[in-house]
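Participant: Dropping in input17.cif, with mmCIF, C-alpha atoms.
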```cif
data_query
loop_
_atom_site.label_atom_id
_atom_site.label_comp_id
_atom_site.auth_asym_id
_atom_site.auth_seq_id
_atom_site.Cartn_x
_atom_site.Cartn_y
_atom_site.Cartn_z
CA MET A 1 48.15 83.63 89.16
CA SER A 2 50.97 86.11 88.50
CA SER A 3 54.39 85.19 89.86
CA ARG A 4 54.35 88.53 91.73
CA LEU A 5 51.25 87.49 93.67
CA GLN A 6 52.89 84.14 94.38
CA ARG A 7 55.92 85.94 95.81
CA VAL A 8 53.69 88.13 98.01
CA LEU A 9 51.84 85.08 99.33
CA LEU A 10 55.08 83.24 100.06
CA LEU A 11 56.38 86.30 101.90
CA ALA A 12 53.13 86.46 103.88
CA ILE A 13 53.50 82.81 104.91
CA ALA A 14 57.13 83.36 105.89
CA GLY A 15 56.10 86.45 107.87
CA ALA A 16 53.34 84.60 109.71
CA VAL A 17 55.68 81.77 110.67
CA ALA A 18 58.30 84.26 111.88
CA LEU A 19 55.66 86.07 113.93
CA GLY A 20 54.46 82.80 115.45
CA LEU A 21 57.98 81.75 116.37
CA GLY A 22 58.68 85.21 117.74
CA ILE A 23 55.65 85.12 120.00
CA GLY A 24 56.68 81.66 121.19
CA VAL A 25 60.21 82.80 121.94
CA ALA A 26 58.95 85.93 123.77
CA VAL A 27 57.89 83.68 126.67
CA TRP A 28 61.53 82.96 127.34
CA ASP A 29 64.16 85.33 128.69
CA ARG A 30 65.95 87.45 126.15
CA ASN A 31 69.19 85.84 127.38
CA PRO A 32 70.03 82.35 126.11
CA PRO A 33 69.21 79.59 128.67
CA ASP A 34 71.98 79.24 131.24
CA ALA A 35 72.38 75.87 132.92
CA THR A 36 75.53 76.61 134.96
CA ALA A 37 73.80 77.04 138.32
CA LEU A 38 71.50 74.09 137.76
CA LEU A 39 74.28 71.64 136.88
CA ALA A 40 76.28 72.73 139.92
CA LEU A 41 73.25 72.07 142.13
CA SER A 42 73.06 69.69 145.06
CA LEU A 43 69.68 68.92 146.66
CA PRO A 44 68.47 66.29 149.13
CA ASP A 45 66.62 63.25 147.81
CA THR A 46 63.62 61.65 149.52
CA GLN A 47 65.98 59.99 151.99
CA GLY A 48 67.63 63.28 152.87
CA THR A 49 70.88 62.42 151.07
CA PRO A 50 72.32 65.35 149.09
CA GLN A 51 72.55 64.57 145.40
CA SER A 52 74.57 66.60 142.95
CA LEU A 53 73.42 66.83 139.35
CA ARG A 54 77.07 66.63 138.34
CA GLN A 55 77.12 62.90 139.13
CA TRP A 56 75.06 62.27 135.99
CA ARG A 57 77.49 63.98 133.59
CA GLY A 58 77.72 61.99 130.40
CA LYS A 59 74.08 60.89 130.56
CA VAL A 60 71.22 62.24 128.56
CA LEU A 61 69.78 64.11 131.53
CA VAL A 62 66.09 65.01 131.80
CA VAL A 63 65.53 67.47 134.63
CA ASN A 64 61.85 67.90 135.45
CA PHE A 65 60.65 70.62 137.82
CA TRP A 66 57.36 69.46 139.33
CA ALA A 67 55.14 69.45 142.43
CA THR A 68 52.39 67.26 143.86
CA TRP A 69 50.15 70.36 143.93
CA CYS A 70 50.55 70.63 140.15
CA GLY A 71 48.01 68.31 138.45
CA PRO A 72 49.58 68.42 134.99
CA CYS A 73 52.95 67.58 136.56
CA ARG A 74 51.59 64.43 138.16
CA GLU A 75 49.90 63.42 134.92
CA GLU A 76 53.07 63.34 132.86
CA MET A 77 55.20 61.45 135.37
CA PRO A 78 54.03 57.87 134.65
CA GLU A 79 55.41 58.32 131.14
CA PHE A 80 58.73 59.48 132.60
CA VAL A 81 58.81 56.31 134.74
CA ARG A 82 58.24 54.22 131.60
CA ALA A 83 60.91 56.07 129.64
CA GLN A 84 63.40 55.71 132.52
CA ARG A 85 62.78 51.98 132.66
CA GLU A 86 63.18 51.48 128.91
CA LEU A 87 65.92 53.98 128.12
CA GLY A 88 67.87 54.01 131.39
CA PRO A 89 70.14 51.21 130.20
CA LYS A 90 70.88 53.27 127.08
CA GLY A 91 72.10 56.26 129.09
CA VAL A 92 69.02 58.33 129.89
CA GLN A 93 68.63 59.68 133.42
CA PHE A 94 65.49 61.42 134.66
CA VAL A 95 65.80 63.64 137.73
CA GLY A 96 62.80 65.31 139.33
CA ILE A 97 63.16 68.54 141.28
CA ALA A 98 60.13 68.86 143.53
CA VAL A 99 58.96 72.36 144.40
CA ASP A 100 57.23 70.81 147.34
CA GLN A 101 57.13 69.49 150.89
CA PRO A 102 59.12 66.29 151.54
CA ASP A 103 56.23 64.22 152.95
CA LYS A 104 54.02 64.83 149.91
CA VAL A 105 56.87 64.00 147.54
CA ILE A 106 57.67 60.78 149.40
CA GLN A 107 54.05 59.71 149.34
CA PHE A 108 53.59 60.37 145.64
CA ALA A 109 56.91 58.76 144.74
CA LYS A 110 55.77 55.63 146.52
CA GLU A 111 52.39 55.59 144.73
CA LEU A 112 54.05 55.97 141.37
CA ASP A 113 56.84 53.49 142.10
CA LEU A 114 59.23 56.21 141.06
CA ASN A 115 62.39 54.76 139.51
CA TYR A 116 64.40 57.96 139.32
CA PRO A 117 65.60 60.44 141.95
CA ALA A 118 63.14 62.99 143.32
CA LEU A 119 65.14 65.85 144.75
CA ILE A 120 63.38 68.11 147.24
CA GLY A 121 63.76 71.75 146.37
CA GLY A 122 61.18 73.50 148.51
CA TYR A 123 58.91 76.28 147.27
CA ASP A 124 61.77 78.46 146.08
CA ALA A 125 63.27 75.75 143.90
CA VAL A 126 61.30 76.84 140.87
CA ASP A 127 63.48 79.98 140.82
CA LEU A 128 66.33 77.69 139.74
CA SER A 129 64.52 77.20 136.45
CA LYS A 130 64.30 80.92 135.65
CA PRO A 131 67.80 81.20 134.12
CA LEU A 132 66.80 78.28 131.91
CA GLY A 133 63.99 80.31 130.40
CA ASN A 134 61.09 79.68 132.78
CA ARG A 135 60.23 83.38 133.06
CA LEU A 136 56.87 82.75 134.73
CA ALA A 137 58.27 80.22 137.23
CA ALA A 138 55.45 77.84 136.30
CA LEU A 139 55.30 74.03 136.40
CA PRO A 140 55.95 71.54 134.92
CA PHE A 141 59.19 72.71 133.40
CA THR A 142 61.54 70.23 131.78
CA VAL A 143 65.11 70.63 130.54
CA ILE A 144 66.84 67.94 128.50
CA PHE A 145 70.65 67.90 128.31
CA ASP A 146 72.74 66.01 125.78
CA ARG A 147 75.68 63.83 126.83
CA GLU A 148 77.98 66.87 126.61
CA GLY A 149 75.87 68.80 129.12
CA ARG A 150 74.42 71.18 126.56
CA ILE A 151 70.73 72.10 126.65
CA ALA A 152 68.93 70.17 123.90
CA HIS A 153 65.34 71.12 124.76
CA THR A 154 63.29 73.08 127.28
CA GLN A 155 59.55 72.69 127.78
CA LEU A 156 56.99 74.60 129.79
CA GLY A 157 53.93 72.44 130.33
CA LEU A 158 53.27 68.86 129.42
CA LEU A 159 55.94 67.14 127.37
CA LYS A 160 54.09 64.81 124.99
CA PRO A 161 55.33 61.21 125.09
CA THR A 162 55.95 61.12 121.32
CA GLN A 163 57.96 64.33 121.47
CA LEU A 164 59.91 63.13 124.51
CA ARG A 165 60.83 59.83 122.86
CA SER A 166 61.79 61.57 119.64
CA ILE A 167 64.11 64.03 121.41
CA LEU A 168 65.71 61.27 123.48
CA ALA A 169 66.20 59.03 120.44
CA ASN A 170 68.11 61.81 118.73
CA LEU A 171 70.41 62.30 121.71
CA LEU A 172 71.24 58.67 122.43
CA MET B 1 49.24 77.66 81.59
CA ALA B 2 45.48 77.03 81.40
CA VAL B 3 43.21 79.44 83.34
CA ALA B 4 41.72 76.67 85.54
CA GLU B 5 45.23 75.50 86.47
CA LYS B 6 46.19 79.08 87.46
CA HIS B 7 43.12 79.45 89.72
CA ARG B 8 43.79 76.15 91.44
CA ARG B 9 47.39 77.16 92.19
CA GLY B 10 46.17 80.48 93.55
CA ALA B 11 43.54 78.85 95.72
CA PHE B 12 46.09 76.36 97.07
CA LEU B 13 48.60 79.07 97.97
CA GLY B 14 45.89 81.17 99.59
CA LEU B 15 44.74 78.19 101.65
CA ALA B 16 48.32 77.37 102.66
CA ALA B 17 48.84 80.96 103.81
CA ALA B 18 45.64 80.94 105.84
CA ALA B 19 46.44 77.56 107.41
CA THR B 20 49.96 78.67 108.36
CA LEU B 21 48.65 81.86 109.91
CA ALA B 22 46.00 79.96 111.88
CA ALA B 23 48.53 77.40 113.07
CA THR B 24 51.07 79.97 114.22
CA LEU B 25 48.41 82.06 115.95
CA SER B 26 47.01 79.09 117.86
CA ALA B 27 50.53 77.88 118.67
CA SER B 28 51.40 81.29 120.05
CA ALA B 29 48.28 81.32 122.27
CA GLN B 30 49.35 77.94 123.59
CA VAL B 31 52.92 78.87 124.46
CA ASN B 32 52.10 82.35 125.77
CA PRO B 33 50.52 81.95 129.20
CA LEU B 34 49.80 85.02 131.34
CA PRO B 35 51.93 85.88 134.36
CA PRO B 36 50.01 84.93 137.54
CA GLU B 37 49.27 88.57 138.54
CA LYS B 38 47.43 88.99 135.25
CA ALA B 39 45.76 85.56 135.22
CA PHE B 40 44.53 86.03 138.82
CA ARG B 41 44.21 89.80 139.17
CA PHE B 42 43.70 90.86 142.78
CA SER B 43 42.03 94.12 143.78
CA ALA B 44 40.66 95.47 147.06
CA ARG B 45 38.54 98.46 148.00
CA LEU B 46 37.06 99.85 151.19
CA VAL B 47 33.32 99.39 151.39
CA ASP B 48 33.27 101.23 154.71
CA ALA B 49 35.78 102.08 157.44
CA GLN B 50 35.84 98.47 158.62
CA THR B 51 35.14 96.40 155.52
CA VAL B 52 37.39 95.56 152.61
CA GLU B 53 35.93 94.01 149.48
CA ALA B 54 38.66 91.71 148.13
CA ARG B 55 38.30 90.48 144.58
CA PHE B 56 40.09 88.09 142.23
CA ILE B 57 39.37 88.45 138.53
CA ILE B 58 40.36 85.17 136.91
CA ALA B 59 41.16 85.17 133.22
CA GLU B 60 39.40 82.70 130.95
CA GLY B 61 41.24 79.41 130.77
CA TYR B 62 42.62 79.75 134.29
CA TYR B 63 41.41 78.64 137.73
CA LEU B 64 42.30 79.17 141.41
CA TYR B 65 42.23 76.68 144.28
CA ARG B 66 39.85 77.73 147.06
CA ASP B 67 41.95 76.34 149.91
CA LYS B 68 45.08 78.10 148.67
CA ILE B 69 43.66 81.62 149.08
CA HIS B 70 44.98 83.44 152.15
CA PHE B 71 44.68 87.03 153.36
CA ALA B 72 46.82 89.20 155.61
CA ILE B 73 46.84 92.83 156.70
CA GLU B 74 49.77 95.14 157.33
CA PRO B 75 50.33 96.28 159.99
CA ALA B 76 49.30 92.86 161.36
CA ALA B 77 48.26 94.41 164.69
CA VAL B 78 45.23 95.98 163.00
CA GLY B 79 43.78 92.49 162.62
CA LEU B 80 41.57 90.98 159.94
CA THR B 81 38.57 88.70 160.06
CA VAL B 82 38.30 86.42 157.04
CA PRO B 83 34.93 84.76 156.54
CA ARG B 84 34.39 81.30 155.09
CA LEU B 85 35.21 81.59 151.40
CA PRO B 86 32.41 81.08 148.87
CA GLU B 87 31.91 77.58 147.57
CA GLY B 88 33.82 76.71 144.45
CA LYS B 89 33.42 74.08 141.79
CA VAL B 90 34.16 70.64 143.20
CA LYS B 91 36.89 68.66 141.46
CA GLU B 92 37.93 65.15 142.43
CA ASP B 93 41.72 65.05 142.50
CA GLN B 94 43.41 61.63 142.32
CA PHE B 95 46.03 62.59 144.87
CA PHE B 96 44.45 65.28 147.06
CA GLY B 97 40.84 64.13 146.93
CA ARG B 98 38.04 66.68 146.93
CA MET B 99 39.18 70.12 145.79
CA GLU B 100 37.28 73.28 145.05
CA THR B 101 38.25 75.73 142.32
CA TYR B 102 37.15 79.19 141.21
CA ARG B 103 36.77 80.40 137.65
CA GLY B 104 35.82 83.86 136.41
CA GLY B 105 36.16 85.55 139.76
CA VAL B 106 35.62 85.47 143.50
CA VAL B 107 34.72 88.23 145.98
CA VAL B 108 35.39 88.10 149.72
CA ASN B 109 34.43 90.72 152.32
CA LEU B 110 37.11 91.10 154.96
CA ALA B 111 36.52 92.82 158.30
CA VAL B 112 39.22 95.16 159.60
CA LYS B 113 39.28 94.57 163.35
CA ASP B 114 40.94 97.64 164.77
CA PRO B 115 41.05 100.40 162.17
CA LYS B 116 42.55 103.76 163.05
CA PRO B 117 41.20 106.82 161.21
CA GLY B 118 43.48 107.97 158.42
CA GLN B 119 45.67 104.89 158.73
CA GLN B 120 47.25 103.27 155.70
CA ILE B 121 46.79 99.53 155.52
CA VAL B 122 47.97 96.92 153.08
CA ILE B 123 45.83 93.93 152.20
CA ALA B 124 47.94 90.99 151.06
CA ALA B 125 46.38 88.07 149.22
CA GLU B 126 48.06 84.81 148.35
CA SER B 127 46.63 82.55 145.68
CA GLN B 128 47.66 79.49 143.76
CA GLY B 129 46.21 78.44 140.44
CA CYS B 130 46.69 76.75 137.11
CA ALA B 131 45.95 77.23 133.43
CA ASP B 132 43.85 74.83 131.34
CA ILE B 133 46.73 74.52 128.86
CA GLY B 134 48.45 72.41 131.53
CA ILE B 135 50.67 74.54 133.74
CA CYS B 136 50.47 75.57 137.39
CA TYR B 137 51.91 78.57 139.15
CA PRO B 138 53.53 78.59 142.59
CA PRO B 139 51.67 80.57 145.28
CA THR B 140 51.69 84.26 144.38
CA VAL B 141 51.21 87.20 146.74
CA GLN B 142 49.60 90.44 145.59
CA ARG B 143 49.24 93.55 147.73
CA VAL B 144 46.91 96.55 147.69
CA THR B 145 47.41 99.69 149.78
CA LEU B 146 44.29 101.36 151.15
CA ALA B 147 43.81 104.52 153.16
CA LEU B 148 41.25 104.33 155.94
CA PRO B 149 38.91 107.34 156.09
CA ALA B 150 40.73 110.28 157.64
CA GLY B 151 40.10 111.57 161.12
CA SER B 152 43.05 112.73 163.17
CA VAL B 153 46.02 111.24 161.32
CA VAL B 154 48.18 109.02 163.51
CA PRO B 155 51.42 108.03 161.76
CA ASP B 156 52.16 104.36 162.34
CA ALA B 157 55.80 103.96 163.33
CA SER B 158 55.70 100.27 164.25
CA GLY B 159 57.61 97.87 162.03
CA ASP B 160 56.02 94.71 160.74
CA PRO B 161 57.52 91.33 161.64
CA PRO B 162 59.26 89.85 158.56
CA GLN B 163 57.16 86.65 158.71
CA LYS B 164 53.81 87.03 156.99
CA ARG B 165 50.92 85.88 159.14
CA TRP B 166 47.78 84.85 157.31
CA PHE B 167 44.43 85.48 158.91
CA ASN B 168 42.81 82.42 157.29
#
```
Before we go any further, please render this structure as structure tokens.
Facilitator:
Amino acid sequence: MSSRLQRVLLLAIAGAVALGLGIGVAVWDRNPPDATALLALSLPDTQGTPQSLRQWRGKVLVVNFWATWCGPCREEMPEFVRAQRELGPKGVQFVGIAVDQPDKVIQFAKELDLNYPALIGGYDAVDLSKPLGNRLAALPFTVIFDREGRIAHTQLGLLKPTQLRSILANLL
Amino acid sequence: MAVAEKHRRGAFLGLAAAATLAATLSASAQVNPLPPEKAFRFSARLVDAQTVEARFIIAEGYYLYRDKIHFAIEPAAVGLTVPRLPEGKVKEDQFFGRMETYRGGVVVNLAVKDPKPGQQIVIAAESQGCADIGICYPPTVQRVTLALPAGSVVPDASGDPPQKRWFN
């Protein structure tokens, strides 16, 4: 094969990858994700006590927007419980923000033996995730912060256990 | 370089290009869900002076929950009768128990209780659904404005209460 044809093919591959990445990025806002409002947030937990996200500064913070009415959200939570149990001592902190009614959240938290805070945000809470790139305000939506409070990863939809563990390992 | 060697290199590069393209295209379909108004497109039309045919067209790969569909009319005083919604596909949910979902589409005939000739009405529909790729949308409201058949036009000056009142 001529080296010219090789160059064309390599360019085509590069172009396809760029296109794929571009389409993926188009789902997010054109502005870079902004976590200022989220990190300044204070929401009640299942006991009604206001909890500020600022108290977990210095931790590898995993903020997960979810709801009991969101099947995929409920499916990924047992893995979060496992990860919290195993990696909590190493500095990982999961925090759930429930776009939901308190009684449903309390019931589900009990069934799951939830070992991390579930903050009640109400139906508008998902709007808090929009500046982070959740343009469609869909669930589940997960943001992972490094120990310095910078956004390390955002995910719309199920966060695969292997991917979760890999991201956390890199931040610890 | 031998001819056979050249052909193998060419075939490999061609395959790599095709594989990359396929991977990026499927990846983009995965991370590019529709906004809810496109996934669950709502439309309404007057069948006669007192009947509105309300329709959801549900994109492939998406579904709506039957018990999360609600209708309202503006001005609310006109009144709306919402029949029992068609049966959906039964799904056993671990947390919520028996749920019914719609795929493809659903049509509901709504009765306008007290229509005034020439009046403009708005049919509001709330729905909540998910995508098979594993995301769910919060409840979404869509609205369609319809003009009732004209007679003597009576402008409606009454304001609507800010709280939406569903008729089902």
Participant: In Å to one decimal, how far is CA of Phe108 (chain A) from CA of Arg165 (chain B)?
Facilitator: 29.0 Å
Participant: Can you work out which one of A:Pro117, A:Pro50, A:Pro131, A:Gly71 has the shortest atom-to-atom distance to Val95 (chain A), counting only C-alpha atoms?
Facilitator: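 That would be A:Pro117, the residue with the smallest distance to Val95 (chain A).
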Participant: Got a sec: who's within 8 Å of Phe94 (chain A), counting all atoms listed in the file, leaving out chain neighbours fewer than 2 positions off, as a list in words?
Facilitator: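 Near neighbours after the sequence-gap exclusion: Leu61, Val62, Val63, Asn64, Phe80, Gln84, Val92, Gly96, Tyr116 and Pro117 of chain A.
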Participant: Could you pull the residues within 10 Å of region 105-122 of chain B, counting all atoms listed in the file, minus those fewer than 4 positions along the same chain, as a ChimeraX atom specification?
Facilitator: /B:40-60,63-64,66,71-88,143-156
Participant: Would you please work out which residue, of B:Gln94, B:Asn168, B:Gln142, B:Thr101, is nearest to chain A when using only C-alpha atoms?
Facilitator: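 Closest candidate: B:Gln94.
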Participant: Once 8 Å is added on each side, what are the centre and the three edge lengths, in Å to one decimal, of the axis-aligned box enclosing the listed atoms of region 115-118 of chain A? Present them as lines of an AutoDock Vina configuration file.
Facilitator:
```
center_x = 64.0
center_y = 58.9
center_z = 141.3
size_x = 19.2
size_y = 24.2
size_z = 20.0
```
Participant: What is the CA of Asp103 (chain A) to CA of Trp66 (chain A) distance in Å?
Facilitator: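 Those two atoms sit 14.6 Å apart.
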Participant: What's the separation between CA of Ala137 (chain A) and CA of Thr140 (chain B), in Å to one decimal place?
Facilitator: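 CA of Thr140 (chain B) lies 10.5 Å from CA of Ala137 (chain A).
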Participant: Identify which of the residues A:Val99, A:Leu136, A:Leu43, A:Leu164 lies closest to Leu34 (chain B), counting all atoms listed in the file when measuring atom-to-atom distances.
Facilitator: A:Leu136
Participant: Ranking B:Gly97, B:Gly61, B:Gly134, B:Pro139 by minimum distance to chain A and counting all atoms listed in the file, which one comes first?
Facilitator: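 Closest to chain A, using all atoms listed in the file: B:Gly134.
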Participant: Using all atoms listed in the file, can you tell me which of A:Asn134, A:Ile97, A:Asp124, A:His153 comes closest to Pro44 (chain A)?
Facilitator: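 Looking at the shortest contact to Pro44 (chain A), the residue is A:Ile97.
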Participant: Decode the PyMOL selection byres ((chain A and resi 60) around 10) for the given file into explicit residues and return them as an MDAnalysis selection string.
Facilitator: chainID A and resid 56:59 61:63 87:88 90:94 144:150 152 168 171:172
Participant: Hey, what's within 10 Å of Lys89 (chain B) if we count only C-alpha atoms and toss same-chain stuff fewer than 6 positions away? As a VMD selection string, please?
Facilitator: chain B and resid 65 to 66 99 to 103
Participant: Evaluated on this file, the PyMOL selection byres ((chain A and resi 104-106) around 8) picks out some residues - which ones are they, written as a list in words?
Facilitator: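 Listing what the PyMOL selection byres ((chain A and resi 104-106) around 8) selects in the shown file: Thr46, Ala67, Thr68, Ala98, Asp100, Gln101, Pro102, Asp103, Gln107, Phe108, Ala109, Lys110, Ala118 and Ile120 of chain A.
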Participant: Considering all atoms listed in the file, state which residue in the set A:Leu53, A:Val8, A:Ile13, A:Leu119 is at the smallest distance from chain B.
Facilitator: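 Closest candidate: A:Ile13.
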